[in-house]
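Student: This is the content of model02.tsv (TSV, C-alpha atoms and all ligand atoms):
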chain	number	residue	atom	x	y	z
A	142	MET	CA	-7.89	9.40	-64.22
A	143	ASN	CA	-9.68	6.86	-62.06
A	144	GLU	CA	-6.91	4.41	-62.76
A	145	SER	CA	-4.24	6.80	-61.47
A	146	ILE	CA	-6.26	7.46	-58.27
A	147	ALA	CA	-6.60	3.73	-57.74
A	148	LYS	CA	-2.88	3.33	-58.27
A	149	LEU	CA	-2.12	6.10	-55.77
A	150	THR	CA	-4.45	4.59	-53.16
A	151	LEU	CA	-2.86	1.20	-53.61
A	152	GLU	CA	0.59	2.70	-53.32
A	153	ARG	CA	-0.40	4.50	-50.15
A	154	ALA	CA	-1.84	1.33	-48.66
A	155	VAL	CA	1.34	-0.59	-49.41
A	156	ASN	CA	3.42	2.24	-47.97
A	157	GLU	CA	1.32	2.30	-44.83
A	158	ALA	CA	1.56	-1.46	-44.35
A	159	GLN	CA	5.31	-1.33	-44.80
A	160	ALA	CA	5.72	1.61	-42.40
A	161	ARG	CA	3.54	-0.12	-39.84
A	162	SER	CA	5.57	-3.31	-39.95
A	163	ILE	CA	8.79	-1.28	-39.58
A	164	LEU	CA	7.34	0.56	-36.57
A	165	ASN	CA	6.18	-2.78	-35.17
A	166	ALA	CA	9.68	-4.26	-35.47
A	167	THR	CA	11.35	-1.21	-33.90
A	168	MET	CA	8.86	-1.19	-31.02
A	169	LEU	CA	9.39	-4.91	-30.44
A	170	LYS	CA	13.13	-4.29	-30.22
A	171	LEU	CA	12.64	-1.34	-27.87
A	172	ARG	CA	10.27	-3.27	-25.69
A	173	THR	CA	12.70	-6.13	-25.26
A	174	GLN	CA	15.38	-3.58	-24.39
A	175	TYR	CA	13.39	-1.22	-22.13
A	176	GLY	CA	10.25	-3.11	-21.18
A	177	TYR	CA	11.69	-4.71	-18.05
A	178	ALA	CA	12.29	-3.34	-14.55
A	179	PRO	CA	15.78	-1.89	-13.98
A	180	ASP	CA	18.13	-3.21	-11.30
A	181	LYS	CA	17.07	-2.45	-7.75
A	182	GLY	CA	19.93	-0.07	-6.99
A	183	VAL	CA	19.57	1.98	-10.18
A	184	THR	CA	20.64	5.61	-9.68
A	185	PRO	CA	18.60	8.59	-10.94
A	186	ASP	CA	21.35	9.43	-13.43
A	187	GLU	CA	21.35	5.91	-14.87
A	188	MET	CA	17.58	5.96	-15.10
A	189	THR	CA	17.61	9.41	-16.77
A	190	ALA	CA	20.10	8.15	-19.37
A	191	ARG	CA	17.93	5.10	-20.02
A	192	CYS	CA	14.81	7.24	-20.47
A	193	GLU	CA	16.58	9.70	-22.77
A	194	ALA	CA	17.86	6.89	-24.98
A	195	LEU	CA	14.38	5.38	-25.14
A	196	VAL	CA	12.73	8.71	-25.98
A	197	GLU	CA	15.22	9.35	-28.75
A	198	ALA	CA	14.67	5.93	-30.27
A	199	VAL	CA	10.87	6.24	-30.04
A	200	CYS	CA	10.90	9.74	-31.56
A	201	GLY	CA	13.00	8.47	-34.47
A	202	ALA	CA	10.65	5.55	-35.12
A	203	VAL	CA	7.53	7.73	-34.98
A	204	GLU	CA	9.09	10.37	-37.24
A	205	ASP	CA	9.93	7.71	-39.83
A	206	TYR	CA	6.36	6.44	-39.68
A	207	VAL	CA	4.88	9.93	-40.08
A	208	GLU	CA	7.18	10.68	-43.02
A	209	ALA	CA	6.27	7.48	-44.80
A	210	THR	CA	2.51	7.61	-44.24
A	211	GLY	CA	1.73	11.27	-43.64
A	212	LYS	CA	-0.18	10.53	-40.44
A	213	ALA	CA	0.34	9.80	-36.78
A	214	PRO	CA	0.49	6.18	-35.50
A	215	ASP	CA	-2.86	4.43	-35.06
A	216	ARG	CA	-4.84	4.87	-31.88
A	217	MET	CA	-6.98	2.32	-30.08
A	218	ARG	CA	-10.74	2.69	-30.37
A	219	ASN	CA	-13.55	1.11	-28.48
A	220	THR	CA	-15.78	-0.31	-31.16
A	221	ALA	CA	-18.11	-2.07	-28.75
A	222	ARG	CA	-21.66	-0.86	-28.25
A	223	TYR	CA	-22.96	0.47	-24.96
A	224	ARG	CA	-26.43	0.47	-23.48
A	225	VAL	CA	-28.08	3.88	-23.33
A	226	SER	CA	-31.68	3.38	-22.23
A	227	LYS	CA	-34.65	1.12	-22.77
A	228	GLU	CA	-35.86	3.06	-25.79
A	229	PHE	CA	-32.45	3.15	-27.44
A	230	PRO	CA	-30.88	-0.07	-26.22
A	231	LYS	CA	-27.45	0.08	-27.80
A	232	LYS	CA	-25.27	2.77	-29.26
A	233	LYS	CA	-21.80	2.96	-30.75
A	234	TYR	CA	-19.11	5.16	-29.28
A	235	GLU	CA	-18.55	8.03	-31.68
A	236	GLY	CA	-15.72	10.48	-32.30
A	237	LEU	CA	-13.55	11.22	-29.28
A	238	GLN	CA	-15.81	9.06	-27.09
A	239	ALA	CA	-14.47	5.97	-28.83
A	240	TYR	CA	-10.89	6.88	-27.97
A	241	ALA	CA	-11.73	7.77	-24.39
A	242	ASN	CA	-13.59	4.57	-23.61
A	243	VAL	CA	-11.11	1.84	-24.47
A	244	LEU	CA	-11.01	-0.79	-21.75
A	245	ASP	CA	-7.94	-0.82	-19.49
A	246	GLN	CA	-7.26	-4.47	-20.24
A	247	ARG	CA	-7.15	-3.74	-23.96
A	248	LEU	CA	-4.98	-0.65	-23.47
A	249	LYS	CA	-2.43	-2.73	-21.58
A	250	ARG	CA	-2.17	-5.14	-24.48
A	251	ALA	CA	-2.17	-2.49	-27.19
A	252	PRO	CA	-0.67	-3.66	-30.51
A	253	LEU	CA	2.92	-2.49	-30.89
A	254	HIS	CA	2.30	-0.02	-33.73
A	255	THR	CA	-0.31	1.99	-31.79
A	256	ALA	CA	0.26	5.26	-29.96
A	257	GLU	CA	-0.97	3.51	-26.79
A	258	ALA	CA	1.79	0.87	-26.92
A	259	ILE	CA	4.39	3.63	-27.33
A	260	GLY	CA	2.81	5.51	-24.40
A	261	ASN	CA	2.79	2.38	-22.25
A	262	LEU	CA	6.50	1.81	-22.75
A	263	LEU	CA	7.36	5.46	-21.99
A	264	ASP	CA	5.06	5.44	-18.98
A	265	PHE	CA	6.60	2.25	-17.62
A	266	ASN	CA	10.09	3.78	-17.71
A	267	ALA	CA	8.95	7.16	-16.40
A	268	GLU	CA	7.57	5.38	-13.30
A	269	TYR	CA	10.99	3.93	-12.57
A	270	LEU	CA	12.64	7.31	-13.16
A	271	VAL	CA	10.35	8.93	-10.57
A	272	LYS	CA	10.93	6.02	-8.21
A	273	ALA	CA	14.72	6.25	-8.54
A	274	HIS	CA	14.61	9.96	-7.64
A	275	GLU	CA	12.30	9.24	-4.72
A	276	LEU	CA	14.55	6.49	-3.34
A	277	ASP	CA	17.58	8.75	-3.71
A	278	GLU	CA	15.82	11.50	-1.77
A	279	ILE	CA	14.83	9.01	0.95
A	280	LYS	CA	18.40	7.76	1.26
A	281	ARG	CA	19.65	11.28	1.91
A	282	ARG	CA	16.95	12.13	4.49
A	283	SER	CA	18.46	13.09	7.84
A	284	ARG	CA	17.39	11.56	11.16
A	285	LYS	CA	15.85	14.91	12.14
A	286	GLU	CA	13.62	14.92	9.06
A	287	TRP	CA	12.60	11.33	9.76
A	288	GLN	CA	11.74	12.27	13.33
A	289	ARG	CA	9.39	14.99	12.15
A	290	LEU	CA	7.61	12.49	9.87
A	291	GLU	CA	7.47	9.92	12.66
A	292	TYR	CA	5.90	12.50	14.96
A	293	GLU	CA	3.20	13.19	12.40
A	294	TYR	CA	2.49	9.51	11.79
A	295	VAL	CA	-0.38	8.24	13.95
A	296	GLU	CA	-2.03	4.85	13.66
A	297	ARG	CA	-4.00	4.73	16.90
A	298	SER	CA	-5.66	7.62	18.66
A	299	ASP	CA	-8.81	6.26	20.31
A	300	PHE	CA	-8.11	7.78	23.70
A	301	ASN	CA	-5.71	10.67	23.27
A	302	LEU	CA	-4.84	13.50	25.65
A	303	ARG	CA	-7.76	15.62	24.56
A	304	GLU	CA	-10.19	12.76	25.15
A	305	LEU	CA	-8.68	12.04	28.56
A	306	HIS	CA	-8.92	15.68	29.55
A	307	HIS	CA	-12.52	15.88	28.37
A	308	ARG	CA	-13.55	12.69	30.24
A	309	LEU	CA	-11.77	13.83	33.38
A	310	LEU	CA	-13.56	17.17	33.38
A	311	GLU	CA	-16.88	15.40	32.83
A	312	HIS	CA	-16.12	13.14	35.77
A	313	MET	CA	-15.25	16.14	37.93
A	314	ASP	CA	-18.58	17.71	37.00
A	315	GLU	CA	-20.50	14.62	38.06
A	316	GLU	CA	-18.78	14.15	41.42
A	317	VAL	CA	-18.63	16.76	44.11
A	318	PHE	CA	-15.10	17.54	45.23
A	319	GLY	CA	-15.59	20.86	46.95
A	320	ASP	CA	-12.66	23.23	46.68
A	321	SER	CA	-9.99	20.75	45.74
A	322	ILE	CA	-11.04	20.16	42.12
A	323	ALA	CA	-7.62	21.11	40.77
A	324	GLY	CA	-5.90	18.84	43.27
A	325	GLU	CA	-8.26	16.00	42.47
A	326	TYR	CA	-7.65	16.50	38.75
A	327	ARG	CA	-3.90	16.34	39.23
A	328	LYS	CA	-4.18	13.24	41.39
A	329	GLU	CA	-6.24	11.42	38.79
A	330	ARG	CA	-4.10	12.69	35.93
A	331	ARG	CA	-1.03	11.11	37.54
A	332	HIS	CA	-2.62	7.69	37.00
A	333	TRP	CA	-2.42	8.09	33.25
A	334	ARG	CA	0.47	7.70	30.87
A	335	LYS	CA	0.96	8.11	27.14
A	336	CYS	CA	1.66	4.96	25.17
A	337	ARG	CA	5.33	4.71	24.20
A	338	CYS	CA	4.63	3.27	20.78
A	339	TYR	CA	5.78	5.82	18.19
A	340	SER	CA	2.54	5.59	16.19
A	341	CYS	CA	0.11	5.64	19.11
A	342	ASP	CA	-1.41	8.69	20.80
A	343	ASN	CA	-3.40	6.75	23.37
A	344	TYR	CA	-3.32	7.35	27.12
A	345	PHE	CA	-3.78	4.44	29.48
A	346	PRO	CA	-4.16	4.00	33.26
A	347	MET	CA	-1.19	2.79	35.31
A	348	ALA	CA	-3.16	2.27	38.52
A	349	LYS	CA	-5.91	-0.21	39.15
A	350	LYS	CA	-8.15	2.42	40.65
A	351	HIS	CA	-8.90	5.17	38.21
A	352	PHE	CA	-12.04	7.03	37.36
A	353	MET	CA	-12.88	4.80	34.39
A	354	ALA	CA	-12.04	1.49	36.05
A	355	LYS	CA	-15.64	0.31	35.93
A	356	LYS	CA	-15.82	0.63	32.15
A	357	ARG	CA	-13.01	-1.88	31.63
A	358	ILE	CA	-12.08	-0.72	28.16
A	359	TRP	CA	-8.40	-1.69	28.51
A	360	LYS	CA	-7.76	-5.33	27.93
A	361	PHE	CA	-3.96	-5.34	28.19
A	362	LYS	CA	-2.94	-7.64	31.01
A	363	SER	CA	-0.51	-5.32	32.76
A	364	ILE	CA	-3.05	-2.49	32.62
A	365	ASP	CA	-5.73	-4.68	34.15
A	366	THR	CA	-3.43	-5.47	37.05
A	367	GLY	CA	-2.46	-1.80	37.39
A	368	ASN	CA	1.22	-2.26	36.64
A	369	LYS	CA	3.08	1.03	37.08
A	370	ASN	CA	5.83	-0.03	34.72
A	371	SER	CA	3.68	-0.74	31.69
A	372	ARG	CA	4.81	1.23	28.69
A	373	TYR	CA	2.20	0.41	26.09
A	374	CYS	CA	-1.57	0.74	25.87
A	375	SER	CA	-1.95	-2.68	24.29
A	376	GLU	CA	-0.10	-5.76	23.13
A	377	LYS	CA	-0.56	-4.51	19.59
A	378	CYS	CA	1.45	-1.38	20.42
A	379	GLN	CA	4.15	-3.40	22.15
A	380	LYS	CA	4.63	-5.53	19.06
A	381	ALA	CA	4.38	-2.55	16.71
A	382	GLN	CA	7.15	-0.75	18.60
A	383	GLU	CA	9.38	-3.84	18.58
A	384	LYS	CA	8.98	-4.12	14.83
A	385	ALA	CA	9.56	-0.39	14.39
A	386	LEU	CA	12.84	-0.57	16.33
A	387	LEU	CA	14.05	-3.30	13.98
A	388	ARG	CA	13.13	-1.07	11.04
A	389	LEU	CA	15.06	1.79	12.61
A	390	LYS	CA	18.17	-0.35	12.46
A	391	SER	CA	17.71	-1.54	8.88
A	392	ASP	CA	15.98	1.43	7.17
A	393	GLY	CA	16.96	4.33	9.41
A	394	THR	CA	13.38	5.09	10.37
A	395	LEU	CA	10.59	3.72	12.54
A	396	LEU	CA	8.07	4.26	9.76
A	397	PRO	CA	6.76	1.40	7.62
A	398	LYS	CA	7.83	1.44	3.99
A	399	HIS	CA	4.31	1.75	2.59
A	400	PHE	CA	4.00	5.14	4.30
A	401	TYR	CA	6.88	6.89	2.59
A	402	LEU	CA	7.22	4.98	-0.67
A	403	SER	CA	4.62	6.12	-3.13
A	404	VAL	CA	2.95	3.45	-5.22
A	405	SER	CA	1.47	4.39	-8.55
A	406	ASP	CA	-2.19	3.62	-9.17
A	407	GLU	CA	-1.36	1.03	-11.78
A	408	TRP	CA	1.05	-0.85	-9.54
A	409	ALA	CA	-1.44	-0.73	-6.70
A	410	SER	CA	-4.19	-2.15	-8.89
A	411	ASP	CA	-1.85	-4.85	-10.24
A	412	ARG	CA	-0.93	-5.83	-6.70
A	413	TYR	CA	-4.58	-5.79	-5.70
A	414	ASN	CA	-5.54	-7.99	-8.62
A	415	SER	CA	-2.73	-10.46	-8.02
A	416	HIS	CA	-3.83	-10.85	-4.39
A	417	ASN	CA	-7.52	-11.05	-5.12
A	418	LEU	CA	-7.76	-13.65	-7.80
A	419	PRO	CA	-10.86	-15.73	-7.44
A	420	PHE	CA	-10.45	-19.44	-6.88
A	421	ALA	CA	-10.74	-21.70	-9.85
A	422	PRO	CA	-14.21	-23.29	-9.79
A	423	GLU	CA	-12.84	-26.80	-9.31
A	424	ILE	CA	-10.92	-25.70	-6.18
A	425	LEU	CA	-14.02	-24.05	-4.78
A	426	SER	CA	-16.18	-27.12	-5.36
A	427	GLY	CA	-13.36	-29.20	-3.83
A	428	ILE	CA	-13.48	-27.08	-0.66
A	429	SER	CA	-17.25	-27.27	-0.39
A	430	ASP	CA	-17.12	-31.06	-0.92
A	431	LYS	CA	-14.66	-31.40	1.94
A	432	LYS	CA	-16.79	-29.24	4.19
A	433	SER	CA	-19.98	-31.07	3.41
A	434	SER	CA	-18.32	-34.45	3.89
A	435	LYS	CA	-17.11	-33.31	7.32
A	436	SER	CA	-20.50	-32.05	8.36
A	437	VAL	CA	-22.25	-35.25	7.37
A	438	LYS	CA	-22.90	-37.17	10.52
A	439	LYS	CA	-21.66	-40.71	10.65
A	440	ALA	CA	-24.37	-43.29	10.74
A	441	PRO	CA	-24.62	-44.88	14.20
A	442	PRO	CA	-23.09	-48.37	14.36
A	443	LYS	CA	-25.56	-51.07	13.81
A	444	ILE	CA	-26.23	-53.14	16.84
A	445	GLN	CA	-26.44	-56.81	16.24
A	446	TYR	CA	-28.52	-58.95	18.49
B	1	ZN	ZN	-0.59	2.34	22.17
Show me the file's structure as structure tokens.
Ligand SMILES: [Zn+2]
Tutor:
Amino acid sequence: MNESIAKLTLERAVNEAQARSILNATMLKLRTQYGYAPDKGVTPDEMTARCEALVEAVCGAVEDYVEATGKAPDRMRNTARYRVSKEFPKKKYEGLQAYANVLDQRLKRAPLHTAEAIGNLLDFNAEYLVKAHELDEIKRRSRKEWQRLEYEYVERSDFNLRELHHRLLEHMDEEVFGDSIAGEYRKERRHWRKCRCYSCDNYFPMAKKHFMAKKRIWKFKSIDTGNKNSRYCSEKCQKAQEKALLRLKSDGTLLPKHFYLSVSDEWASDRYNSHNLPFAPEILSGISDKKSSKSVKKAPPKIQY
């Protein structure tokens, strides 16, 4: 009896090992085929076909594995211990906790036969499918729709119309103008113009003498000199508008790409990590050596008598 159980267990173990290596091989093949970014101009239809083919292949591989072993593919577990409190210093993750607490870095490098590796590959392709649809929708966006988005897009609004109005009324309260308050308001209001940069809501003075002249909060040269022809509240806005006009020619909109192209969390974190790598220690010490050698004062020349 015991012998037959042992035989069965052994058989099952062999079966499992075989099924796992088959799944591993299939996944390796699929990853070489689908684990790379598609061409830049990929259409939604092409991407859909690619995803459907991948899903079919993955389903087949998983079904074979389940049939051979009688269970679902392995899942990653966090077997590390975590600190609970001073009294109970370390504890193991148990049950579902272990599956929920696997480190991101380990999940990314999940072994090919695990459910996580299969998920990663599907996820990677799904991202591109969503992106292809998004790009297609953007391509077909009319100028009118773009204009509405451009109107809503504001980067600078430190001194907008509401602020100007509020300050002007405050100023009117402080000074005594008698009956001609409305006239005075209009006169002062004529000195102010809205910045022509598409992403700026600021108002700025066109005349040298305006009610806030003493505060000198505008540093743009033409504003300081009270140039009536100035179009922008600052040099920043001037440059931003120039760049936006170039974008209008190439992309069909004034808006920057990062505003209308969504970036998935994972891509954003990858980009963040690739731009924020710490220096290698030897480079750092090299920099500090250079700095310290510069700051060391040269010894005064010796005077010989
Ligand atoms: Zn501006």
Student: At a cut-off of 7 Å and counting all atoms listed in the file, what residues surround ligand ZN 1 (chain B)? Please answer as a list in words.
Tutor: Arg297, Cys336, Arg337, Cys338, Cys341, Asp342, Asn343, Tyr373, Cys374, Ser375 and Cys378 of chain A
Student: Could you turn the residues from that selection into a file that holds C-alpha atoms, as a PDB file, in the coordinates of the input?
Tutor:
ATOM      1  CA  ARG A 297      -4.000   4.730  16.900  1.00  0.00           C
ATOM      2  CA  CYS A 336       1.660   4.960  25.170  1.00  0.00           C
ATOM      3  CA  ARG A 337       5.330   4.710  24.200  1.00  0.00           C
ATOM      4  CA  CYS A 338       4.630   3.270  20.780  1.00  0.00           C
ATOM      5  CA  CYS A 341       0.110   5.640  19.110  1.00  0.00           C
ATOM      6  CA  ASP A 342      -1.410   8.690  20.800  1.00  0.00           C
ATOM      7  CA  ASN A 343      -3.400   6.750  23.370  1.00  0.00           C
ATOM      8  CA  TYR A 373       2.200   0.410  26.090  1.00  0.00           C
ATOM      9  CA  CYS A 374      -1.570   0.740  25.870  1.00  0.00           C
ATOM     10  CA  SER A 375      -1.950  -2.680  24.290  1.00  0.00           C
ATOM     11  CA  CYS A 378       1.450  -1.380  20.420  1.00  0.00           C
TER      12      CYS A 378
END
Student: Please compute the CA of Arg191 in chain A-CA of His274 in chain A distance, one decimal, in Å.
Tutor: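 If I compute the distance from CA of Arg191 in chain A to CA of His274 in chain A, I get 13.7 Å.
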Student: From the options A:Arg172, A:His332, A:His312, A:Lys181, which residue's atoms come nearest to Leu195 in chain A, counting all atoms listed in the file?
Tutor: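 The answer is A:Arg172, which sits nearest to Leu195 in chain A.
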Student: If we draw a sphere of 12 Å around (-8.8, 6.0, 36.8), which residues have at least one atom in it when counting all atoms listed in the file? Please report them as a PyMOL selection string.
Tutor: chain A and resi 305+308-309+312+325-334+344-359+364-365+367
Student: My list of candidates is A:Gln288, A:Glu304, A:Ser371, A:Ser283. Which is closest to Leu395 in chain A when distances are computed with all atoms listed in the file?
Tutor: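 Nearest candidate to Leu395 in chain A out of A:Gln288, A:Glu304, A:Ser371, A:Ser283: A:Gln288.
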Student: Interatomic distance between CA of Asp392 in chain A and CA of Tyr177 in chain A?
Tutor: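 Atom-to-atom, CA of Asp392 in chain A and CA of Tyr177 in chain A are spaced 26.3 Å apart.
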Student: Excluding Asn165 in chain A and its own-chain neighbours fewer than 3 positions away, which residues fall within 12 Å of it when counting all atoms listed in the file? Please give them as a PyMOL selection string.
Tutor: chain A and resi 157-162+168-172+199+202-203+206+214-215+251-256+258-259
Student: Provide the CA of Ala194 in chain A to CA of Gly260 in chain A distance in Å, to one decimal place.
Tutor: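 These two atoms are separated by 15.1 Å.
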Student: Nearest residue to Lys233 in chain A out of A:Leu386, A:Leu248, A:Ala221, A:Leu402, using all atoms listed in the file?
Tutor: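 Of A:Leu386, A:Leu248, A:Ala221, A:Leu402, the one nearest Lys233 in chain A, counting all atoms listed in the file, is A:Ala221.
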Student: Taking into account all atoms listed in the file, which residue in the set A:Arg281, A:Trp287, A:His399, A:Ala273 is nearest to Glu187 in chain A?
Tutor: A:Ala273
Student: Of the residues A:Glu257, A:Glu197, A:Glu228, A:Glu311, which is the one nearest to Val243 in chain A, using all atoms listed in the file?
Tutor: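 Going through A:Glu257, A:Glu197, A:Glu228, A:Glu311 one by one, the smallest distance to Val243 in chain A is for A:Glu257.
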Student: Of the candidates A:Leu262, A:Ala147, A:Met188, A:Val196, which shows the shortest atom-to-atom distance to Gly176 in chain A, using only C-alpha atoms?
Tutor: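 With only C-alpha atoms as the atom set, the closest residue is A:Leu262.
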Student: Since fewer atoms than expected are present, regenerate N, CA and C atoms for range 272-300 of chain A and write them as a PDB file, keeping the file's coordinate frame.
Tutor:
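Output file part10.pdb follows:
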ATOM      1  N   LYS A 272      10.633   6.867  -9.370  1.00  0.00           N
ATOM      2  CA  LYS A 272      10.930   6.020  -8.210  1.00  0.00           C
ATOM      3  C   LYS A 272      12.414   6.131  -7.819  1.00  0.00           C
ATOM      4  N   ALA A 273      13.287   6.158  -8.824  1.00  0.00           N
ATOM      5  CA  ALA A 273      14.720   6.250  -8.540  1.00  0.00           C
ATOM      6  C   ALA A 273      15.029   7.563  -7.827  1.00  0.00           C
ATOM      7  N   HIS A 274      14.397   8.663  -8.284  1.00  0.00           N
ATOM      8  CA  HIS A 274      14.610   9.960  -7.640  1.00  0.00           C
ATOM      9  C   HIS A 274      14.083   9.931  -6.207  1.00  0.00           C
ATOM     10  N   GLU A 275      12.926   9.310  -6.044  1.00  0.00           N
ATOM     11  CA  GLU A 275      12.300   9.240  -4.720  1.00  0.00           C
ATOM     12  C   GLU A 275      13.190   8.463  -3.742  1.00  0.00           C
ATOM     13  N   LEU A 276      13.689   7.324  -4.197  1.00  0.00           N
ATOM     14  CA  LEU A 276      14.550   6.490  -3.340  1.00  0.00           C
ATOM     15  C   LEU A 276      15.828   7.223  -2.970  1.00  0.00           C
ATOM     16  N   ASP A 277      16.351   7.989  -3.947  1.00  0.00           N
ATOM     17  CA  ASP A 277      17.580   8.750  -3.710  1.00  0.00           C
ATOM     18  C   ASP A 277      17.329   9.810  -2.637  1.00  0.00           C
ATOM     19  N   GLU A 278      16.172  10.456  -2.745  1.00  0.00           N
ATOM     20  CA  GLU A 278      15.820  11.500  -1.770  1.00  0.00           C
ATOM     21  C   GLU A 278      15.653  10.885  -0.376  1.00  0.00           C
ATOM     22  N   ILE A 279      15.042   9.705  -0.325  1.00  0.00           N
ATOM     23  CA  ILE A 279      14.830   9.010   0.950  1.00  0.00           C
ATOM     24  C   ILE A 279      16.160   8.623   1.591  1.00  0.00           C
ATOM     25  N   LYS A 280      17.095   8.165   0.758  1.00  0.00           N
ATOM     26  CA  LYS A 280      18.400   7.760   1.260  1.00  0.00           C
ATOM     27  C   LYS A 280      19.118   8.916   1.934  1.00  0.00           C
ATOM     28  N   ARG A 281      18.918  10.118   1.391  1.00  0.00           N
ATOM     29  CA  ARG A 281      19.650  11.280   1.910  1.00  0.00           C
ATOM     30  C   ARG A 281      18.894  11.991   3.034  1.00  0.00           C
ATOM     31  N   ARG A 282      17.742  11.474   3.436  1.00  0.00           N
ATOM     32  CA  ARG A 282      16.950  12.130   4.490  1.00  0.00           C
ATOM     33  C   ARG A 282      17.673  12.001   5.835  1.00  0.00           C
ATOM     34  N   SER A 283      17.749  13.126   6.554  1.00  0.00           N
ATOM     35  CA  SER A 283      18.460  13.090   7.840  1.00  0.00           C
ATOM     36  C   SER A 283      17.550  12.523   8.926  1.00  0.00           C
ATOM     37  N   ARG A 284      18.168  12.144  10.057  1.00  0.00           N
ATOM     38  CA  ARG A 284      17.390  11.560  11.160  1.00  0.00           C
ATOM     39  C   ARG A 284      16.351  12.579  11.681  1.00  0.00           C
ATOM     40  N   LYS A 285      16.744  13.854  11.647  1.00  0.00           N
ATOM     41  CA  LYS A 285      15.850  14.910  12.140  1.00  0.00           C
ATOM     42  C   LYS A 285      14.578  14.971  11.273  1.00  0.00           C
ATOM     43  N   GLU A 286      14.777  14.882   9.974  1.00  0.00           N
ATOM     44  CA  GLU A 286      13.620  14.920   9.060  1.00  0.00           C
ATOM     45  C   GLU A 286      12.730  13.700   9.282  1.00  0.00           C
ATOM     46  N   TRP A 287      13.374  12.552   9.493  1.00  0.00           N
ATOM     47  CA  TRP A 287      12.600  11.330   9.760  1.00  0.00           C
ATOM     48  C   TRP A 287      11.784  11.511  11.030  1.00  0.00           C
ATOM     49  N   GLN A 288      12.428  12.110  12.047  1.00  0.00           N
ATOM     50  CA  GLN A 288      11.740  12.270  13.330  1.00  0.00           C
ATOM     51  C   GLN A 288      10.483  13.113  13.180  1.00  0.00           C
ATOM     52  N   ARG A 289      10.569  14.132  12.350  1.00  0.00           N
ATOM     53  CA  ARG A 289       9.390  14.990  12.150  1.00  0.00           C
ATOM     54  C   ARG A 289       8.264  14.168  11.516  1.00  0.00           C
ATOM     55  N   LEU A 290       8.614  13.330  10.527  1.00  0.00           N
ATOM     56  CA  LEU A 290       7.610  12.490   9.870  1.00  0.00           C
ATOM     57  C   LEU A 290       7.037  11.458  10.841  1.00  0.00           C
ATOM     58  N   GLU A 291       7.922  10.918  11.687  1.00  0.00           N
ATOM     59  CA  GLU A 291       7.470   9.920  12.660  1.00  0.00           C
ATOM     60  C   GLU A 291       6.502  10.539  13.653  1.00  0.00           C
ATOM     61  N   TYR A 292       6.776  11.789  14.017  1.00  0.00           N
ATOM     62  CA  TYR A 292       5.900  12.500  14.960  1.00  0.00           C
ATOM     63  C   TYR A 292       4.510  12.667  14.366  1.00  0.00           C
ATOM     64  N   GLU A 293       4.491  12.941  13.064  1.00  0.00           N
ATOM     65  CA  GLU A 293       3.200  13.190  12.400  1.00  0.00           C
ATOM     66  C   GLU A 293       2.423  11.895  12.138  1.00  0.00           C
ATOM     67  N   TYR A 294       3.124  10.784  12.165  1.00  0.00           N
ATOM     68  CA  TYR A 294       2.490   9.510  11.790  1.00  0.00           C
ATOM     69  C   TYR A 294       1.734   8.903  12.975  1.00  0.00           C
ATOM     70  N   VAL A 295       0.430   8.796  12.860  1.00  0.00           N
ATOM     71  CA  VAL A 295      -0.380   8.240  13.950  1.00  0.00           C
ATOM     72  C   VAL A 295      -1.261   7.118  13.424  1.00  0.00           C
ATOM     73  N   GLU A 296      -1.181   5.969  14.064  1.00  0.00           N
ATOM     74  CA  GLU A 296      -2.030   4.850  13.660  1.00  0.00           C
ATOM     75  C   GLU A 296      -3.201   4.671  14.611  1.00  0.00           C
ATOM     76  N   ARG A 297      -2.942   4.912  15.895  1.00  0.00           N
ATOM     77  CA  ARG A 297      -4.000   4.730  16.900  1.00  0.00           C
ATOM     78  C   ARG A 297      -4.161   5.998  17.726  1.00  0.00           C
ATOM     79  N   SER A 298      -5.395   6.441  17.847  1.00  0.00           N
ATOM     80  CA  SER A 298      -5.660   7.620  18.660  1.00  0.00           C
ATOM     81  C   SER A 298      -7.084   7.556  19.180  1.00  0.00           C
ATOM     82  N   ASP A 299      -7.420   6.453  19.833  1.00  0.00           N
ATOM     83  CA  ASP A 299      -8.810   6.260  20.310  1.00  0.00           C
ATOM     84  C   ASP A 299      -9.031   7.010  21.618  1.00  0.00           C
ATOM     85  N   PHE A 300      -7.963   7.119  22.403  1.00  0.00           N
ATOM     86  CA  PHE A 300      -8.110   7.780  23.700  1.00  0.00           C
ATOM     87  C   PHE A 300      -6.901   8.675  23.916  1.00  0.00           C
TER      88      PHE A 300
END
